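S.K.: My questions all concern the structure below.
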Amino acid sequence: MVLWMAVRACTRIRIRLTPSTSNMVECVLAPNAEGCTWLQAGRDLHYVLIDLQLPSPLPTDEWVGYSVAVESTDTPEPIWLDEQDWAPELCYPGKTTPGFVLPSRIRRLLHGSCRKPHHAGGDGLVEADRIVHDCVQGLTPTTEWPSVLMLTGDQVYVDDVAGPMLQALHEVIEALGLPNEALPGTTEVSDAAGLYTHPHTFYQRERLLPNKPRHFDLIEVLFGGVEKPVFTTDSAHNHLISLAEMLSMYLMVWSAEAWKLVSWRTPAGLSASAAATFQREEQALQEFVRGLPQVRRVLAHVPTAMIFDDHDITDDWNLSREWEEVAYGHPFSKRVIGNALMAYWINQAWGNRPECMDAAWLPQVRHVLEAPGQAEHDSLIDALLRFREWHYTWPTQPPLVVVDTRTHRWRAESAARKPSGLMDWEALTDLQQTLKGHASVVLVTPAPIFGVKLIESIQRVFTWMGKPLLVDAENWMAHPGAGHAIQNIFRHPQTPQHFVVLSGDVHYSFVYDVELRGHRRGPDIWQICSSGLRNTFPARLLDTLDVLNRWLYSPRSPLNWFTRRRHMRVTPRKPEGIAHGRRLLNGSGVGCVELDAEGVPWRISQYLENGRCVRFVKRDAEARWD
């Protein structure tokens, strides 16, 4: 059992497990005892990383209550404080503790990506909490308890931060006593403390780089990447920079506790336009914060797996060989990327695969958290950038195989600006070995393997024009080697016969049934995309692209023969109740996939932020859609 906590003080922790049909298990863990790693990131910020080895297997398919009590030393005699004392809102009505259900197999899986706090709209994780609430209250059958919550990328947006969020981060950094950090490669500020008070820290951070011609590429890579007028109007002018900002961001997106330290004041010195933007973003953030108690509750009840995508680190992360040469060739951008990767390691990656997180790093991590900005900080960043084990497999039934499409890039050799393949030959070969011998698999890749062909064609045109950053030209088929190799994996005779491919990234949701053509029947493939948890695509633009894609690249269209789809048939499912002819669903929410005993999805849904459930309906072979 793996638990992650952020606490104010370093104390002992007592864990009690109370299964419904077996004996209670109790364990008291002292700081840095076996299975309990403590990291101090500030005067009043400690991370507790618990990897609890149980004496015997827990029962499956039944409620397992658990209590996490912390030892209080504020009284003459130390006492234990459980959830009813420090977090009663973690428990669902009728329950005295949090709990979970260990599934014998995956029956129902929740998934989503792209959760931007200041997006105007609901939160898919709040919808996930409502699903679990109904299970706890007996409003839905026990078999519908979510087996896994899979977060497929962009859990945080470190490169697209609202002004009020940035102001809140600085208040939390001060309140928790996070240390200062020397910043390399910029003449405007020497350290994080100077950054927080600099006139350009709000909405103008790109101006902190030296204003010289040789740095124009760096500004485009780090601060201009998300300005894609074709698909989005996001802004990177508040890109997080310091390690303290990165760490605090995670506290703010998963729990309302840190927001109790925030005064919601407007910083001085903003221009009129920046002040108006600040006020608009504050309204969206306040609505976001109101849902955080439910977000923390669902994370405490459902086994949660995560993988990074670009916004967890920076937009267009490792998109091309040129991008890497520019970004890693400058100490400032390398520090920003490294700080985000370090925060990801502490807050997300460790819980996915704790046995693989190098214990040799811990002394160095502790030193960097205590005194960031020194030489050891850069040494740790180099180690993180060389690390190649961010991917993982959970031994569920069917297996949950999560790939890393960001650090195993297949770099284009013909031109530095061409997009890299999402996985290189070695990583794809390892993936094929992982998949062999399984009858079915849930494969998680942040970017869809089978995406919207019209949009991929537009990306290809902009890549040909030398502007891949302008349209986020990252898809599996953009690189010939990676596109060919992933299709060969599906065609391998020992590959699983049922592939459920979960993806996100694109800010809209869809489901494709994929059939591979050839002399032998290929596997059954379902490409299921749920995006975003709290983000959407520009509505009018998506409607236009959806209609054009249906006209140009329908399963019967001859244009498919000019694409990599000439050897496959891709049939979209219709989102039930959506406007005539639409195949792409636009709206914040969380995806839900329900699997039968063979690992075949029998129902695929999207729970939207307004409480509406939309089913993706398979086309009837004997009928035509309207």
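In the structure tokens, chains take the letters A, B, ... in the order shown, each chain's residues start at 1, and ligands count up from 1 in the order shown.
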According to DSSP computed on the backbone, where in region 426-512 of chain A is there alpha helix (DSSP H)? Give the residues as a VMD selection string.
M.R.: chain A and resid 426 to 435 453 to 464 480 to 491
S.K.: Once you count only C-alpha atoms, what closest atom pair and distance in Å to one decimal does each residue of region 75-123 of chain A within 9 Å of region 488-507 of chain A have, with rows by chain and rising residue number, as CSV?
M.R.:
residue,atom,partner,partner_atom,distance
A:His111,CA,A:Leu502,CA,7.7
A:Gly112,CA,A:Gly504,CA,6.3
A:Ser113,CA,A:Gly504,CA,5.2
A:Cys114,CA,A:Asp505,CA,6.3
S.K.: Which residues are near His580 (chain A)? Cut-off 12 Å, only C-alpha atoms, ignore same chain within fewer than 4 positions. Put them as a VMD selection string.
M.R.: chain A and resid 543 546 to 547 550 574 to 576 584 625 to 626
S.K.: If you measure from CA of Val158 (chain A) to CA of Leu608 (chain A), what distance in Å do you get, rounded to one decimal?
M.R.: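 Rounded to one decimal, the two atoms are 24.7 Å apart.
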S.K.: Write out as a ChimeraX atom specification the residues lying within 10 Å of Leu102 (chain A), counting only C-alpha atoms and excluding same-chain residues fewer than 3 positions away.
M.R.: /A:58-64,99,105-106,145-148,302-303
S.K.: Could you please take those selected residues and save N, CA and C atoms as a PDB file, in the first residue's frame?
M.R.:
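Saved as part.pdb:
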ATOM      1  N   LEU A  58      -4.378  -8.280   1.138  1.00  0.00           N
ATOM      2  CA  LEU A  58      -5.685  -7.767   1.519  1.00  0.00           C
ATOM      3  C   LEU A  58      -6.776  -8.492   0.735  1.00  0.00           C
ATOM      4  N   PRO A  59      -7.975  -8.579   1.285  1.00  0.00           N
ATOM      5  CA  PRO A  59      -9.082  -9.181   0.539  1.00  0.00           C
ATOM      6  C   PRO A  59      -9.462  -8.296  -0.650  1.00  0.00           C
ATOM      7  N   THR A  60      -9.936  -8.912  -1.702  1.00  0.00           N
ATOM      8  CA  THR A  60     -10.316  -8.169  -2.903  1.00  0.00           C
ATOM      9  C   THR A  60     -11.824  -7.963  -2.950  1.00  0.00           C
ATOM     10  N   ASP A  61     -12.209  -6.932  -3.696  1.00  0.00           N
ATOM     11  CA  ASP A  61     -13.614  -6.642  -4.001  1.00  0.00           C
ATOM     12  C   ASP A  61     -14.456  -6.401  -2.755  1.00  0.00           C
ATOM     13  N   GLU A  62     -13.860  -5.814  -1.717  1.00  0.00           N
ATOM     14  CA  GLU A  62     -14.621  -5.427  -0.542  1.00  0.00           C
ATOM     15  C   GLU A  62     -14.016  -4.162   0.054  1.00  0.00           C
ATOM     16  N   TRP A  63     -14.817  -3.467   0.835  1.00  0.00           N
ATOM     17  CA  TRP A  63     -14.381  -2.222   1.471  1.00  0.00           C
ATOM     18  C   TRP A  63     -13.255  -2.492   2.459  1.00  0.00           C
ATOM     19  N   VAL A  64     -12.164  -1.748   2.315  1.00  0.00           N
ATOM     20  CA  VAL A  64     -11.062  -1.772   3.271  1.00  0.00           C
ATOM     21  C   VAL A  64     -10.928  -0.365   3.843  1.00  0.00           C
ATOM     22  N   GLY A  99     -11.432   4.824   2.808  1.00  0.00           N
ATOM     23  CA  GLY A  99     -11.290   3.421   2.457  1.00  0.00           C
ATOM     24  C   GLY A  99     -11.103   3.244   0.970  1.00  0.00           C
ATOM     25  N   ARG A 105     -10.110  -7.605 -10.547  1.00  0.00           N
ATOM     26  CA  ARG A 105      -9.832  -7.226 -11.931  1.00  0.00           C
ATOM     27  C   ARG A 105     -10.415  -5.841 -12.170  1.00  0.00           C
ATOM     28  N   ILE A 106      -9.935  -5.190 -13.219  1.00  0.00           N
ATOM     29  CA  ILE A 106     -10.449  -3.862 -13.558  1.00  0.00           C
ATOM     30  C   ILE A 106     -11.830  -4.016 -14.189  1.00  0.00           C
ATOM     31  N   TRP A 145     -17.620   0.218  -8.310  1.00  0.00           N
ATOM     32  CA  TRP A 145     -16.587   1.004  -7.630  1.00  0.00           C
ATOM     33  C   TRP A 145     -15.397   1.163  -8.580  1.00  0.00           C
ATOM     34  N   PRO A 146     -14.895   2.374  -8.817  1.00  0.00           N
ATOM     35  CA  PRO A 146     -13.771   2.553  -9.743  1.00  0.00           C
ATOM     36  C   PRO A 146     -12.533   1.788  -9.282  1.00  0.00           C
ATOM     37  N   SER A 147     -11.996   0.975 -10.171  1.00  0.00           N
ATOM     38  CA  SER A 147     -10.807   0.192  -9.842  1.00  0.00           C
ATOM     39  C   SER A 147      -9.553   1.052  -9.843  1.00  0.00           C
ATOM     40  N   VAL A 148      -9.477   2.006 -10.752  1.00  0.00           N
ATOM     41  CA  VAL A 148      -8.293   2.845 -10.926  1.00  0.00           C
ATOM     42  C   VAL A 148      -8.750   4.220 -11.392  1.00  0.00           C
ATOM     43  N   VAL A 302      -9.478   6.145  -4.190  1.00  0.00           N
ATOM     44  CA  VAL A 302      -9.318   5.358  -5.415  1.00  0.00           C
ATOM     45  C   VAL A 302      -7.832   5.253  -5.752  1.00  0.00           C
ATOM     46  N   PRO A 303      -7.312   4.040  -5.987  1.00  0.00           N
ATOM     47  CA  PRO A 303      -5.922   3.916  -6.432  1.00  0.00           C
ATOM     48  C   PRO A 303      -5.682   4.790  -7.656  1.00  0.00           C
TER      49      PRO A 303
END
S.K.: Using only C-alpha atoms, which of the listed residues (A:Gly483, A:Pro93, A:Gly591, A:Gly138) sits closest to Trp425 (chain A)?
M.R.: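 So, comparing all the options, the nearest one is A:Gly483.
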